[in-house]
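Below: work.txt (compact mmCIF, N, CA and C atoms)
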# COMPACT_ATOMS: atom_id res chain seq x y z
N MET Y 1 -47.12 -59.25 -36.30
CA MET Y 1 -46.87 -60.03 -35.11
C MET Y 1 -47.13 -61.50 -35.43
N SER Y 2 -46.22 -62.35 -35.04
CA SER Y 2 -46.46 -63.77 -35.26
C SER Y 2 -47.54 -64.28 -34.32
N LYS Y 3 -47.56 -63.76 -33.11
CA LYS Y 3 -48.60 -64.08 -32.14
C LYS Y 3 -49.22 -62.76 -31.72
N PRO Y 4 -50.54 -62.60 -31.93
CA PRO Y 4 -51.16 -61.31 -31.61
C PRO Y 4 -50.94 -60.92 -30.14
N ASP Y 5 -50.73 -59.64 -29.92
CA ASP Y 5 -50.55 -59.07 -28.60
C ASP Y 5 -51.83 -59.33 -27.78
N GLU Y 6 -51.68 -60.01 -26.64
CA GLU Y 6 -52.84 -60.39 -25.83
C GLU Y 6 -53.61 -59.17 -25.32
N LEU Y 7 -52.90 -58.10 -24.98
CA LEU Y 7 -53.59 -56.90 -24.51
C LEU Y 7 -54.43 -56.28 -25.62
N LEU Y 8 -53.91 -56.27 -26.84
CA LEU Y 8 -54.66 -55.75 -27.98
C LEU Y 8 -55.89 -56.63 -28.24
N VAL Y 9 -55.74 -57.92 -28.12
CA VAL Y 9 -56.88 -58.84 -28.28
C VAL Y 9 -57.92 -58.56 -27.20
N ASP Y 10 -57.48 -58.31 -25.96
CA ASP Y 10 -58.41 -58.00 -24.87
C ASP Y 10 -59.16 -56.70 -25.12
N ILE Y 11 -58.47 -55.69 -25.66
CA ILE Y 11 -59.13 -54.43 -26.00
C ILE Y 11 -60.19 -54.68 -27.06
N ALA Y 12 -59.84 -55.45 -28.09
CA ALA Y 12 -60.78 -55.75 -29.16
C ALA Y 12 -61.98 -56.53 -28.61
N ALA Y 13 -61.74 -57.45 -27.69
CA ALA Y 13 -62.82 -58.24 -27.10
C ALA Y 13 -63.77 -57.35 -26.29
N MET Y 14 -63.22 -56.38 -25.59
CA MET Y 14 -64.07 -55.47 -24.82
C MET Y 14 -64.93 -54.63 -25.74
N VAL Y 15 -64.36 -54.15 -26.82
CA VAL Y 15 -65.13 -53.38 -27.80
C VAL Y 15 -66.19 -54.29 -28.43
N GLU Y 16 -65.82 -55.52 -28.79
CA GLU Y 16 -66.75 -56.47 -29.39
C GLU Y 16 -67.92 -56.77 -28.47
N SER Y 17 -67.67 -56.82 -27.18
CA SER Y 17 -68.74 -57.12 -26.23
C SER Y 17 -69.66 -55.92 -26.03
N GLU Y 18 -69.35 -54.84 -26.77
CA GLU Y 18 -70.12 -53.60 -26.75
C GLU Y 18 -70.10 -52.94 -25.39
N GLN Y 19 -69.06 -53.24 -24.58
CA GLN Y 19 -68.90 -52.55 -23.31
C GLN Y 19 -68.39 -51.13 -23.56
N SER Y 20 -67.73 -50.92 -24.68
CA SER Y 20 -67.22 -49.58 -25.00
C SER Y 20 -67.05 -49.44 -26.51
N THR Y 21 -67.51 -48.31 -27.04
CA THR Y 21 -67.30 -48.01 -28.47
C THR Y 21 -66.54 -46.70 -28.60
N GLN Y 22 -65.91 -46.28 -27.53
CA GLN Y 22 -65.20 -45.01 -27.53
C GLN Y 22 -63.69 -45.17 -27.52
N MET Y 23 -63.18 -46.38 -27.67
CA MET Y 23 -61.74 -46.61 -27.60
C MET Y 23 -61.05 -46.09 -28.85
N SER Y 24 -60.18 -45.12 -28.66
CA SER Y 24 -59.36 -44.60 -29.76
C SER Y 24 -58.04 -45.35 -29.76
N LEU Y 25 -57.56 -45.67 -30.95
CA LEU Y 25 -56.36 -46.49 -31.08
C LEU Y 25 -55.60 -46.07 -32.32
N THR Y 26 -54.29 -46.15 -32.26
CA THR Y 26 -53.44 -45.95 -33.43
C THR Y 26 -52.60 -47.21 -33.57
N VAL Y 27 -52.59 -47.77 -34.78
CA VAL Y 27 -51.84 -49.00 -35.03
C VAL Y 27 -50.90 -48.81 -36.22
N VAL Y 28 -49.87 -49.62 -36.27
CA VAL Y 28 -48.98 -49.68 -37.42
C VAL Y 28 -49.15 -51.06 -38.05
N VAL Y 29 -49.47 -51.05 -39.34
CA VAL Y 29 -49.69 -52.29 -40.09
C VAL Y 29 -48.88 -52.20 -41.37
N GLN Y 30 -47.91 -53.08 -41.52
CA GLN Y 30 -47.05 -53.11 -42.70
C GLN Y 30 -46.51 -51.71 -43.03
N GLY Y 31 -46.09 -50.99 -42.02
CA GLY Y 31 -45.47 -49.68 -42.20
C GLY Y 31 -46.43 -48.51 -42.28
N ALA Y 32 -47.72 -48.78 -42.38
CA ALA Y 32 -48.71 -47.70 -42.45
C ALA Y 32 -49.30 -47.47 -41.06
N ALA Y 33 -49.47 -46.20 -40.69
CA ALA Y 33 -50.08 -45.85 -39.41
C ALA Y 33 -51.55 -45.53 -39.66
N LEU Y 34 -52.42 -46.15 -38.87
CA LEU Y 34 -53.86 -45.96 -38.97
C LEU Y 34 -54.35 -45.52 -37.60
N THR Y 35 -55.17 -44.47 -37.56
CA THR Y 35 -55.65 -43.94 -36.29
C THR Y 35 -57.15 -43.71 -36.34
N GLY Y 36 -57.83 -44.02 -35.26
CA GLY Y 36 -59.28 -43.82 -35.22
C GLY Y 36 -59.92 -44.50 -34.03
N ARG Y 37 -61.24 -44.62 -34.08
CA ARG Y 37 -61.99 -45.26 -33.00
C ARG Y 37 -62.41 -46.66 -33.42
N LEU Y 38 -62.38 -47.57 -32.44
CA LEU Y 38 -62.81 -48.94 -32.68
C LEU Y 38 -64.32 -49.06 -32.53
N ALA Y 39 -64.90 -49.98 -33.27
CA ALA Y 39 -66.33 -50.26 -33.18
C ALA Y 39 -66.51 -51.78 -33.15
N PRO Y 40 -67.59 -52.26 -32.54
CA PRO Y 40 -67.90 -53.69 -32.65
C PRO Y 40 -68.12 -54.04 -34.13
N GLU Y 41 -67.79 -55.24 -34.51
CA GLU Y 41 -67.90 -55.64 -35.91
C GLU Y 41 -69.32 -55.43 -36.45
N ALA Y 42 -70.34 -55.76 -35.67
CA ALA Y 42 -71.72 -55.61 -36.14
C ALA Y 42 -72.05 -54.16 -36.47
N VAL Y 43 -71.59 -53.23 -35.64
CA VAL Y 43 -71.82 -51.81 -35.87
C VAL Y 43 -71.06 -51.37 -37.12
N TRP Y 44 -69.81 -51.81 -37.24
CA TRP Y 44 -68.98 -51.47 -38.40
C TRP Y 44 -69.62 -51.97 -39.69
N ARG Y 45 -70.07 -53.25 -39.69
CA ARG Y 45 -70.70 -53.82 -40.88
C ARG Y 45 -71.95 -53.03 -41.28
N GLN Y 46 -72.77 -52.69 -40.30
CA GLN Y 46 -74.00 -51.95 -40.59
C GLN Y 46 -73.68 -50.60 -41.23
N ARG Y 47 -72.68 -49.91 -40.70
CA ARG Y 47 -72.31 -48.60 -41.25
C ARG Y 47 -71.78 -48.73 -42.68
N VAL Y 48 -70.95 -49.74 -42.93
CA VAL Y 48 -70.44 -49.96 -44.29
C VAL Y 48 -71.61 -50.28 -45.23
N ALA Y 49 -72.55 -51.11 -44.77
CA ALA Y 49 -73.72 -51.44 -45.60
C ALA Y 49 -74.51 -50.18 -45.95
N GLU Y 50 -74.68 -49.28 -44.98
CA GLU Y 50 -75.41 -48.04 -45.23
C GLU Y 50 -74.71 -47.18 -46.28
N VAL Y 51 -73.39 -47.09 -46.18
CA VAL Y 51 -72.63 -46.29 -47.16
C VAL Y 51 -72.76 -46.91 -48.55
N LEU Y 52 -72.64 -48.22 -48.65
CA LEU Y 52 -72.73 -48.89 -49.95
C LEU Y 52 -74.12 -48.79 -50.56
N GLU Y 53 -75.15 -48.85 -49.72
CA GLU Y 53 -76.53 -48.73 -50.21
C GLU Y 53 -76.74 -47.42 -50.95
N GLY Y 54 -76.06 -46.39 -50.53
CA GLY Y 54 -76.20 -45.08 -51.14
C GLY Y 54 -75.46 -44.92 -52.45
N SER Y 55 -74.74 -45.94 -52.88
CA SER Y 55 -73.97 -45.87 -54.11
C SER Y 55 -74.66 -46.61 -55.24
N GLU Y 56 -74.78 -45.94 -56.37
CA GLU Y 56 -75.40 -46.58 -57.52
C GLU Y 56 -74.58 -47.78 -58.01
N ARG Y 57 -73.26 -47.62 -58.05
CA ARG Y 57 -72.38 -48.69 -58.54
C ARG Y 57 -72.16 -49.80 -57.52
N LEU Y 58 -72.04 -49.43 -56.25
CA LEU Y 58 -71.65 -50.40 -55.22
C LEU Y 58 -72.80 -50.92 -54.38
N GLY Y 59 -74.00 -50.42 -54.62
CA GLY Y 59 -75.18 -50.82 -53.85
C GLY Y 59 -75.36 -52.32 -53.67
N PRO Y 60 -75.15 -53.13 -54.73
CA PRO Y 60 -75.35 -54.57 -54.57
C PRO Y 60 -74.43 -55.22 -53.51
N PHE Y 61 -73.29 -54.61 -53.24
CA PHE Y 61 -72.37 -55.17 -52.25
C PHE Y 61 -72.84 -54.96 -50.82
N SER Y 62 -73.78 -54.05 -50.63
CA SER Y 62 -74.23 -53.73 -49.27
C SER Y 62 -74.79 -54.97 -48.57
N ALA Y 63 -75.41 -55.85 -49.33
CA ALA Y 63 -75.99 -57.06 -48.72
C ALA Y 63 -74.94 -57.94 -48.04
N LEU Y 64 -73.71 -57.90 -48.53
CA LEU Y 64 -72.64 -58.69 -47.92
C LEU Y 64 -72.32 -58.22 -46.50
N PHE Y 65 -72.56 -56.94 -46.22
CA PHE Y 65 -72.22 -56.36 -44.93
C PHE Y 65 -73.40 -56.29 -43.98
N SER Y 66 -74.62 -56.37 -44.50
CA SER Y 66 -75.79 -56.26 -43.64
C SER Y 66 -76.00 -57.58 -42.90
N PRO Y 67 -76.68 -57.54 -41.74
CA PRO Y 67 -76.88 -58.76 -40.94
C PRO Y 67 -77.52 -59.89 -41.73
N ALA Y 68 -78.48 -59.58 -42.61
CA ALA Y 68 -79.15 -60.62 -43.39
C ALA Y 68 -78.21 -61.28 -44.39
N GLY Y 69 -77.21 -60.52 -44.88
CA GLY Y 69 -76.30 -61.05 -45.89
C GLY Y 69 -75.04 -61.66 -45.33
N THR Y 70 -74.88 -61.60 -44.00
CA THR Y 70 -73.67 -62.11 -43.38
C THR Y 70 -73.71 -63.62 -43.31
N PRO Y 71 -72.66 -64.31 -43.78
CA PRO Y 71 -72.62 -65.76 -43.67
C PRO Y 71 -72.68 -66.18 -42.21
N ALA Y 72 -73.16 -67.40 -41.98
CA ALA Y 72 -73.25 -67.91 -40.61
C ALA Y 72 -71.87 -67.86 -39.96
N ARG Y 73 -71.83 -67.37 -38.75
CA ARG Y 73 -70.59 -67.24 -38.00
C ARG Y 73 -70.72 -68.01 -36.70
N SER Y 74 -69.56 -68.28 -36.12
CA SER Y 74 -69.60 -68.92 -34.82
C SER Y 74 -70.18 -67.94 -33.82
N PRO Y 75 -70.85 -68.43 -32.79
CA PRO Y 75 -71.45 -67.53 -31.81
C PRO Y 75 -70.42 -66.64 -31.14
N ARG Y 76 -70.83 -65.42 -30.79
CA ARG Y 76 -69.95 -64.48 -30.11
C ARG Y 76 -69.41 -65.13 -28.85
N GLY Y 77 -68.15 -64.90 -28.60
CA GLY Y 77 -67.54 -65.44 -27.41
C GLY Y 77 -66.90 -66.80 -27.62
N SER Y 78 -67.02 -67.37 -28.82
CA SER Y 78 -66.44 -68.69 -29.05
C SER Y 78 -64.94 -68.63 -29.29
N GLY Y 79 -64.41 -67.45 -29.46
CA GLY Y 79 -62.98 -67.29 -29.68
C GLY Y 79 -62.62 -65.83 -29.60
N PRO Y 80 -61.35 -65.56 -29.47
CA PRO Y 80 -60.93 -64.15 -29.39
C PRO Y 80 -61.11 -63.45 -30.74
N PRO Y 81 -61.29 -62.13 -30.72
CA PRO Y 81 -61.42 -61.38 -31.98
C PRO Y 81 -60.14 -61.52 -32.81
N THR Y 82 -60.30 -61.51 -34.11
CA THR Y 82 -59.16 -61.61 -35.02
C THR Y 82 -58.91 -60.32 -35.78
N HIS Y 83 -59.87 -59.38 -35.72
CA HIS Y 83 -59.76 -58.13 -36.47
C HIS Y 83 -60.16 -56.94 -35.60
N LEU Y 84 -59.60 -55.80 -35.95
CA LEU Y 84 -60.00 -54.52 -35.37
C LEU Y 84 -60.87 -53.83 -36.41
N HIS Y 85 -61.95 -53.21 -35.98
CA HIS Y 85 -62.86 -52.51 -36.88
C HIS Y 85 -62.85 -51.04 -36.52
N PHE Y 86 -62.25 -50.24 -37.40
CA PHE Y 86 -62.10 -48.81 -37.17
C PHE Y 86 -63.19 -48.04 -37.88
N HIS Y 87 -63.70 -47.01 -37.23
CA HIS Y 87 -64.57 -46.03 -37.89
C HIS Y 87 -64.03 -44.66 -37.54
N VAL Y 88 -64.37 -43.68 -38.33
CA VAL Y 88 -63.82 -42.33 -38.19
C VAL Y 88 -62.29 -42.45 -38.12
N ALA Y 89 -61.73 -43.19 -39.03
CA ALA Y 89 -60.29 -43.50 -39.00
C ALA Y 89 -59.58 -42.88 -40.19
N MET Y 90 -58.27 -42.67 -40.02
CA MET Y 90 -57.46 -42.10 -41.08
C MET Y 90 -56.12 -42.83 -41.16
N ILE Y 91 -55.59 -42.90 -42.37
CA ILE Y 91 -54.22 -43.35 -42.57
C ILE Y 91 -53.36 -42.11 -42.46
N LEU Y 92 -52.35 -42.16 -41.61
CA LEU Y 92 -51.48 -41.00 -41.42
C LEU Y 92 -50.42 -40.97 -42.51
N GLN Y 93 -50.35 -39.85 -43.22
CA GLN Y 93 -49.41 -39.69 -44.33
C GLN Y 93 -48.76 -38.33 -44.20
N GLY Y 94 -47.52 -38.29 -43.76
CA GLY Y 94 -46.85 -37.00 -43.58
C GLY Y 94 -47.59 -36.15 -42.57
N THR Y 95 -48.01 -34.97 -42.98
CA THR Y 95 -48.70 -34.06 -42.07
C THR Y 95 -50.21 -34.07 -42.25
N ILE Y 96 -50.74 -35.05 -42.99
CA ILE Y 96 -52.18 -35.12 -43.19
C ILE Y 96 -52.70 -36.52 -42.89
N GLY Y 97 -54.00 -36.60 -42.67
CA GLY Y 97 -54.68 -37.87 -42.50
C GLY Y 97 -55.60 -38.11 -43.68
N LEU Y 98 -55.62 -39.32 -44.19
CA LEU Y 98 -56.45 -39.67 -45.35
C LEU Y 98 -57.50 -40.70 -44.97
N PRO Y 99 -58.73 -40.56 -45.33
CA PRO Y 99 -59.34 -39.34 -45.83
C PRO Y 99 -59.54 -38.35 -44.70
N GLU Y 100 -59.69 -37.09 -45.04
CA GLU Y 100 -59.83 -36.05 -44.02
C GLU Y 100 -61.05 -36.25 -43.14
N THR Y 101 -62.11 -36.81 -43.70
CA THR Y 101 -63.35 -36.99 -42.95
C THR Y 101 -63.38 -38.30 -42.16
N GLY Y 102 -62.40 -39.15 -42.36
CA GLY Y 102 -62.37 -40.43 -41.67
C GLY Y 102 -63.01 -41.51 -42.51
N GLY Y 103 -62.56 -42.74 -42.32
CA GLY Y 103 -63.07 -43.85 -43.11
C GLY Y 103 -63.30 -45.07 -42.25
N MET Y 104 -63.68 -46.15 -42.90
CA MET Y 104 -63.97 -47.42 -42.24
C MET Y 104 -62.88 -48.42 -42.64
N TYR Y 105 -62.18 -48.97 -41.66
CA TYR Y 105 -61.09 -49.90 -41.95
C TYR Y 105 -61.22 -51.14 -41.09
N ARG Y 106 -60.82 -52.27 -41.66
CA ARG Y 106 -60.77 -53.55 -40.95
C ARG Y 106 -59.33 -54.03 -41.02
N VAL Y 107 -58.74 -54.31 -39.86
CA VAL Y 107 -57.33 -54.67 -39.78
C VAL Y 107 -57.20 -55.98 -39.02
N ALA Y 108 -56.43 -56.93 -39.57
CA ALA Y 108 -56.16 -58.18 -38.86
C ALA Y 108 -55.24 -57.89 -37.68
N ILE Y 109 -55.63 -58.33 -36.50
CA ILE Y 109 -54.83 -58.09 -35.30
C ILE Y 109 -53.43 -58.69 -35.48
N LYS Y 110 -53.33 -59.82 -36.13
CA LYS Y 110 -52.03 -60.48 -36.30
C LYS Y 110 -51.06 -59.64 -37.13
N ASP Y 111 -51.58 -58.69 -37.91
CA ASP Y 111 -50.74 -57.85 -38.77
C ASP Y 111 -50.26 -56.58 -38.08
N VAL Y 112 -50.75 -56.30 -36.87
CA VAL Y 112 -50.37 -55.09 -36.15
C VAL Y 112 -48.98 -55.27 -35.55
N SER Y 113 -48.05 -54.39 -35.94
CA SER Y 113 -46.68 -54.49 -35.42
C SER Y 113 -46.42 -53.55 -34.26
N ALA Y 114 -47.24 -52.51 -34.12
CA ALA Y 114 -47.11 -51.57 -33.00
C ALA Y 114 -48.45 -50.88 -32.82
N TRP Y 115 -48.72 -50.43 -31.60
CA TRP Y 115 -49.97 -49.73 -31.34
C TRP Y 115 -49.84 -48.86 -30.11
N THR Y 116 -50.75 -47.88 -30.03
CA THR Y 116 -50.82 -47.03 -28.85
C THR Y 116 -52.27 -46.62 -28.65
N VAL Y 117 -52.64 -46.39 -27.42
CA VAL Y 117 -53.97 -45.92 -27.10
C VAL Y 117 -54.08 -44.46 -27.50
N GLY Y 118 -55.18 -44.10 -28.10
CA GLY Y 118 -55.41 -42.73 -28.53
C GLY Y 118 -55.27 -42.59 -30.02
N ASP Y 119 -55.83 -41.52 -30.56
CA ASP Y 119 -55.70 -41.26 -31.98
C ASP Y 119 -54.98 -39.95 -32.20
N PHE Y 120 -54.41 -39.82 -33.36
CA PHE Y 120 -53.66 -38.62 -33.71
C PHE Y 120 -54.48 -37.80 -34.69
N ARG Y 121 -54.58 -36.54 -34.42
CA ARG Y 121 -55.27 -35.61 -35.32
C ARG Y 121 -54.33 -34.45 -35.59
N TYR Y 122 -54.32 -33.99 -36.82
CA TYR Y 122 -53.49 -32.87 -37.19
C TYR Y 122 -54.29 -31.58 -37.10
N SER Y 123 -53.60 -30.50 -36.85
CA SER Y 123 -54.26 -29.19 -36.87
C SER Y 123 -53.39 -28.24 -37.69
N ASP Y 124 -53.94 -27.12 -38.05
CA ASP Y 124 -53.22 -26.12 -38.85
C ASP Y 124 -52.36 -25.21 -38.00
N ARG Y 125 -52.36 -25.40 -36.70
CA ARG Y 125 -51.59 -24.51 -35.80
C ARG Y 125 -50.13 -24.78 -35.89
Please express the file's structure as structure tokens.
Amino acid sequence: MSKPDELLVDIAAMVESEQSTQMSLTVVVQGAALTGRLAPEAVWRQRVAEVLEGSERLGPFSALFSPAGTPARSPRGSGPPTHLHFHVAMILQGTIGLPETGGMYRVAIKDVSAWTVGDFRYSDR
């Protein structure tokens, strides 16, 4: 999108304000469909930091995601959100979602070409 969808920005702002962390969303970004639940950026960063801390190889990167390692940012509310932060999310590929257990994704709102409320899950039925 050349100009981000205002409704999508409003949804992201509501999630960011921590009024809701239960919003499920499916987006299309550069032809890929991503589905999952949105989280406030701070919650998303903390979870990524926790996952990285548990890795022998990637542990040093955890500091970049933790609150202490985060570069100074403008105060919350100084501008509209620019990214969506997904957790328990999957990239939809054919009849499966990758990864099966869900992952953590950060998507620029300006790159979203289509979206719908709700997430898609596959079943064996």
* For Leu8 (chain Y), list every protein, DNA or RNA residue within 12 Å, evaluated using only C-alpha atoms, and leave out those in the same chain fewer than 3 positions away; present the list as JSON, numbers by chain. => {"Y": [1, 3, 4, 5, 11, 12, 13, 14, 15, 23, 25, 26, 27, 38, 80, 81, 82, 83, 84, 108, 109, 110, 111, 112, 113, 114, 115, 116, 117]}
* **All strand (DSSP E or B) residues (DSSP, backbone) inside region 42-99 of chain Y, as a ChimeraX atom specification** => /Y:83-93,96-99
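Note that CA of Gly59 (chain Y) and CA of Ala39 (chain Y) are 22.5 Å apart.
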* Could you write out, as a list in words, all the residues of chain Y that DSSP marks as alpha helix (DSSP H)? ->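 The alpha helix (DSSP H) subset of chain Y is Glu6, Leu7, Leu8, Val9, Asp10, Ile11, Ala12, Ala13, Met14, Val15, Glu16, Glu41, Ala42, Val43, Trp44, Arg45, Gln46, Arg47, Val48, Ala49, Glu50, Val51, Leu52, Glu53, Ser62, Ala63, Leu64 and Phe65 of chain Y.
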Let me see the file: selected residues, N, CA and C atoms, as a PDB file, keeping the file's coordinate frame.
ATOM      1  N   GLU Y   6     -51.680 -60.010 -26.640  1.00  0.00           N
ATOM      2  CA  GLU Y   6     -52.840 -60.390 -25.830  1.00  0.00           C
ATOM      3  C   GLU Y   6     -53.610 -59.170 -25.320  1.00  0.00           C
ATOM      4  N   LEU Y   7     -52.900 -58.100 -24.980  1.00  0.00           N
ATOM      5  CA  LEU Y   7     -53.590 -56.900 -24.510  1.00  0.00           C
ATOM      6  C   LEU Y   7     -54.430 -56.280 -25.620  1.00  0.00           C
ATOM      7  N   LEU Y   8     -53.910 -56.270 -26.840  1.00  0.00           N
ATOM      8  CA  LEU Y   8     -54.660 -55.750 -27.980  1.00  0.00           C
ATOM      9  C   LEU Y   8     -55.890 -56.630 -28.240  1.00  0.00           C
ATOM     10  N   VAL Y   9     -55.740 -57.920 -28.120  1.00  0.00           N
ATOM     11  CA  VAL Y   9     -56.880 -58.840 -28.280  1.00  0.00           C
ATOM     12  C   VAL Y   9     -57.920 -58.560 -27.200  1.00  0.00           C
ATOM     13  N   ASP Y  10     -57.480 -58.310 -25.960  1.00  0.00           N
ATOM     14  CA  ASP Y  10     -58.410 -58.000 -24.870  1.00  0.00           C
ATOM     15  C   ASP Y  10     -59.160 -56.700 -25.120  1.00  0.00           C
ATOM     16  N   ILE Y  11     -58.470 -55.690 -25.660  1.00  0.00           N
ATOM     17  CA  ILE Y  11     -59.130 -54.430 -26.000  1.00  0.00           C
ATOM     18  C   ILE Y  11     -60.190 -54.680 -27.060  1.00  0.00           C
ATOM     19  N   ALA Y  12     -59.840 -55.450 -28.090  1.00  0.00           N
ATOM     20  CA  ALA Y  12     -60.780 -55.750 -29.160  1.00  0.00           C
ATOM     21  C   ALA Y  12     -61.980 -56.530 -28.610  1.00  0.00           C
ATOM     22  N   ALA Y  13     -61.740 -57.450 -27.690  1.00  0.00           N
ATOM     23  CA  ALA Y  13     -62.820 -58.240 -27.100  1.00  0.00           C
ATOM     24  C   ALA Y  13     -63.770 -57.350 -26.290  1.00  0.00           C
ATOM     25  N   MET Y  14     -63.220 -56.380 -25.590  1.00  0.00           N
ATOM     26  CA  MET Y  14     -64.070 -55.470 -24.820  1.00  0.00           C
ATOM     27  C   MET Y  14     -64.930 -54.630 -25.740  1.00  0.00           C
ATOM     28  N   VAL Y  15     -64.360 -54.150 -26.820  1.00  0.00           N
ATOM     29  CA  VAL Y  15     -65.130 -53.380 -27.800  1.00  0.00           C
ATOM     30  C   VAL Y  15     -66.190 -54.290 -28.430  1.00  0.00           C
ATOM     31  N   GLU Y  16     -65.820 -55.520 -28.790  1.00  0.00           N
ATOM     32  CA  GLU Y  16     -66.750 -56.470 -29.390  1.00  0.00           C
ATOM     33  C   GLU Y  16     -67.920 -56.770 -28.470  1.00  0.00           C
ATOM     34  N   GLU Y  41     -67.790 -55.240 -34.510  1.00  0.00           N
ATOM     35  CA  GLU Y  41     -67.900 -55.640 -35.910  1.00  0.00           C
ATOM     36  C   GLU Y  41     -69.320 -55.430 -36.450  1.00  0.00           C
ATOM     37  N   ALA Y  42     -70.340 -55.760 -35.670  1.00  0.00           N
ATOM     38  CA  ALA Y  42     -71.720 -55.610 -36.140  1.00  0.00           C
ATOM     39  C   ALA Y  42     -72.050 -54.160 -36.470  1.00  0.00           C
ATOM     40  N   VAL Y  43     -71.590 -53.230 -35.640  1.00  0.00           N
ATOM     41  CA  VAL Y  43     -71.820 -51.810 -35.870  1.00  0.00           C
ATOM     42  C   VAL Y  43     -71.060 -51.370 -37.120  1.00  0.00           C
ATOM     43  N   TRP Y  44     -69.810 -51.810 -37.240  1.00  0.00           N
ATOM     44  CA  TRP Y  44     -68.980 -51.470 -38.400  1.00  0.00           C
ATOM     45  C   TRP Y  44     -69.620 -51.970 -39.690  1.00  0.00           C
ATOM     46  N   ARG Y  45     -70.070 -53.250 -39.690  1.00  0.00           N
ATOM     47  CA  ARG Y  45     -70.700 -53.820 -40.880  1.00  0.00           C
ATOM     48  C   ARG Y  45     -71.950 -53.030 -41.280  1.00  0.00           C
ATOM     49  N   GLN Y  46     -72.770 -52.690 -40.300  1.00  0.00           N
ATOM     50  CA  GLN Y  46     -74.000 -51.950 -40.590  1.00  0.00           C
ATOM     51  C   GLN Y  46     -73.680 -50.600 -41.230  1.00  0.00           C
ATOM     52  N   ARG Y  47     -72.680 -49.910 -40.700  1.00  0.00           N
ATOM     53  CA  ARG Y  47     -72.310 -48.600 -41.250  1.00  0.00           C
ATOM     54  C   ARG Y  47     -71.780 -48.730 -42.680  1.00  0.00           C
ATOM     55  N   VAL Y  48     -70.950 -49.740 -42.930  1.00  0.00           N
ATOM     56  CA  VAL Y  48     -70.440 -49.960 -44.290  1.00  0.00           C
ATOM     57  C   VAL Y  48     -71.610 -50.280 -45.230  1.00  0.00           C
ATOM     58  N   ALA Y  49     -72.550 -51.110 -44.770  1.00  0.00           N
ATOM     59  CA  ALA Y  49     -73.720 -51.440 -45.600  1.00  0.00           C
ATOM     60  C   ALA Y  49     -74.510 -50.180 -45.950  1.00  0.00           C
ATOM     61  N   GLU Y  50     -74.680 -49.280 -44.980  1.00  0.00           N
ATOM     62  CA  GLU Y  50     -75.410 -48.040 -45.230  1.00  0.00           C
ATOM     63  C   GLU Y  50     -74.710 -47.180 -46.280  1.00  0.00           C
ATOM     64  N   VAL Y  51     -73.390 -47.090 -46.180  1.00  0.00           N
ATOM     65  CA  VAL Y  51     -72.630 -46.290 -47.160  1.00  0.00           C
ATOM     66  C   VAL Y  51     -72.760 -46.910 -48.550  1.00  0.00           C
ATOM     67  N   LEU Y  52     -72.640 -48.220 -48.650  1.00  0.00           N
ATOM     68  CA  LEU Y  52     -72.730 -48.890 -49.950  1.00  0.00           C
ATOM     69  C   LEU Y  52     -74.120 -48.790 -50.560  1.00  0.00           C
ATOM     70  N   GLU Y  53     -75.150 -48.850 -49.720  1.00  0.00           N
ATOM     71  CA  GLU Y  53     -76.530 -48.730 -50.210  1.00  0.00           C
ATOM     72  C   GLU Y  53     -76.740 -47.420 -50.950  1.00  0.00           C
ATOM     73  N   SER Y  62     -73.780 -54.050 -50.630  1.00  0.00           N
ATOM     74  CA  SER Y  62     -74.230 -53.730 -49.270  1.00  0.00           C
ATOM     75  C   SER Y  62     -74.790 -54.970 -48.570  1.00  0.00           C
ATOM     76  N   ALA Y  63     -75.410 -55.850 -49.330  1.00  0.00           N
ATOM     77  CA  ALA Y  63     -75.990 -57.060 -48.720  1.00  0.00           C
ATOM     78  C   ALA Y  63     -74.940 -57.940 -48.040  1.00  0.00           C
ATOM     79  N   LEU Y  64     -73.710 -57.900 -48.530  1.00  0.00           N
ATOM     80  CA  LEU Y  64     -72.640 -58.690 -47.920  1.00  0.00           C
ATOM     81  C   LEU Y  64     -72.320 -58.220 -46.500  1.00  0.00           C
ATOM     82  N   PHE Y  65     -72.560 -56.940 -46.220  1.00  0.00           N
ATOM     83  CA  PHE Y  65     -72.220 -56.360 -44.930  1.00  0.00           C
ATOM     84  C   PHE Y  65     -73.400 -56.290 -43.980  1.00  0.00           C
TER      85      PHE Y  65
END
* To do: Would you mind telling me which residue in Y:Ile96, Y:Met104, Y:Val88, Y:Ala33 lies nearest to Val51 (chain Y) when using only C-alpha atoms?
  => Y:Met104
* To do: Compare Y:Leu92, Y:Leu7, Y:Val107, Y:Leu98 by their minimum atom-to-atom distance to Ala32 (chain Y), counting only C-alpha atoms, and give me the closest one.
  =>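 Among the listed residues, Y:Leu92 lies closest to Ala32 (chain Y).
Between atom N of Gly118 (chain Y) and atom N of Ser24 (chain Y) there is a distance of 5.1 Å.
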* Asked: Just how far from CA of Phe65 (chain Y) is CA of Thr101 (chain Y), in Å to one decimal?
  ->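 Separation between CA of Thr101 (chain Y) and CA of Phe65 (chain Y): 21.4 Å.
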* Between Y:Thr21, Y:Gln30, Y:Ser66, Y:Thr35, which is the closest to Arg47 (chain Y) once you count only N, CA and C atoms? ->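 Under the stated criterion, the closest residue is Y:Ser66.
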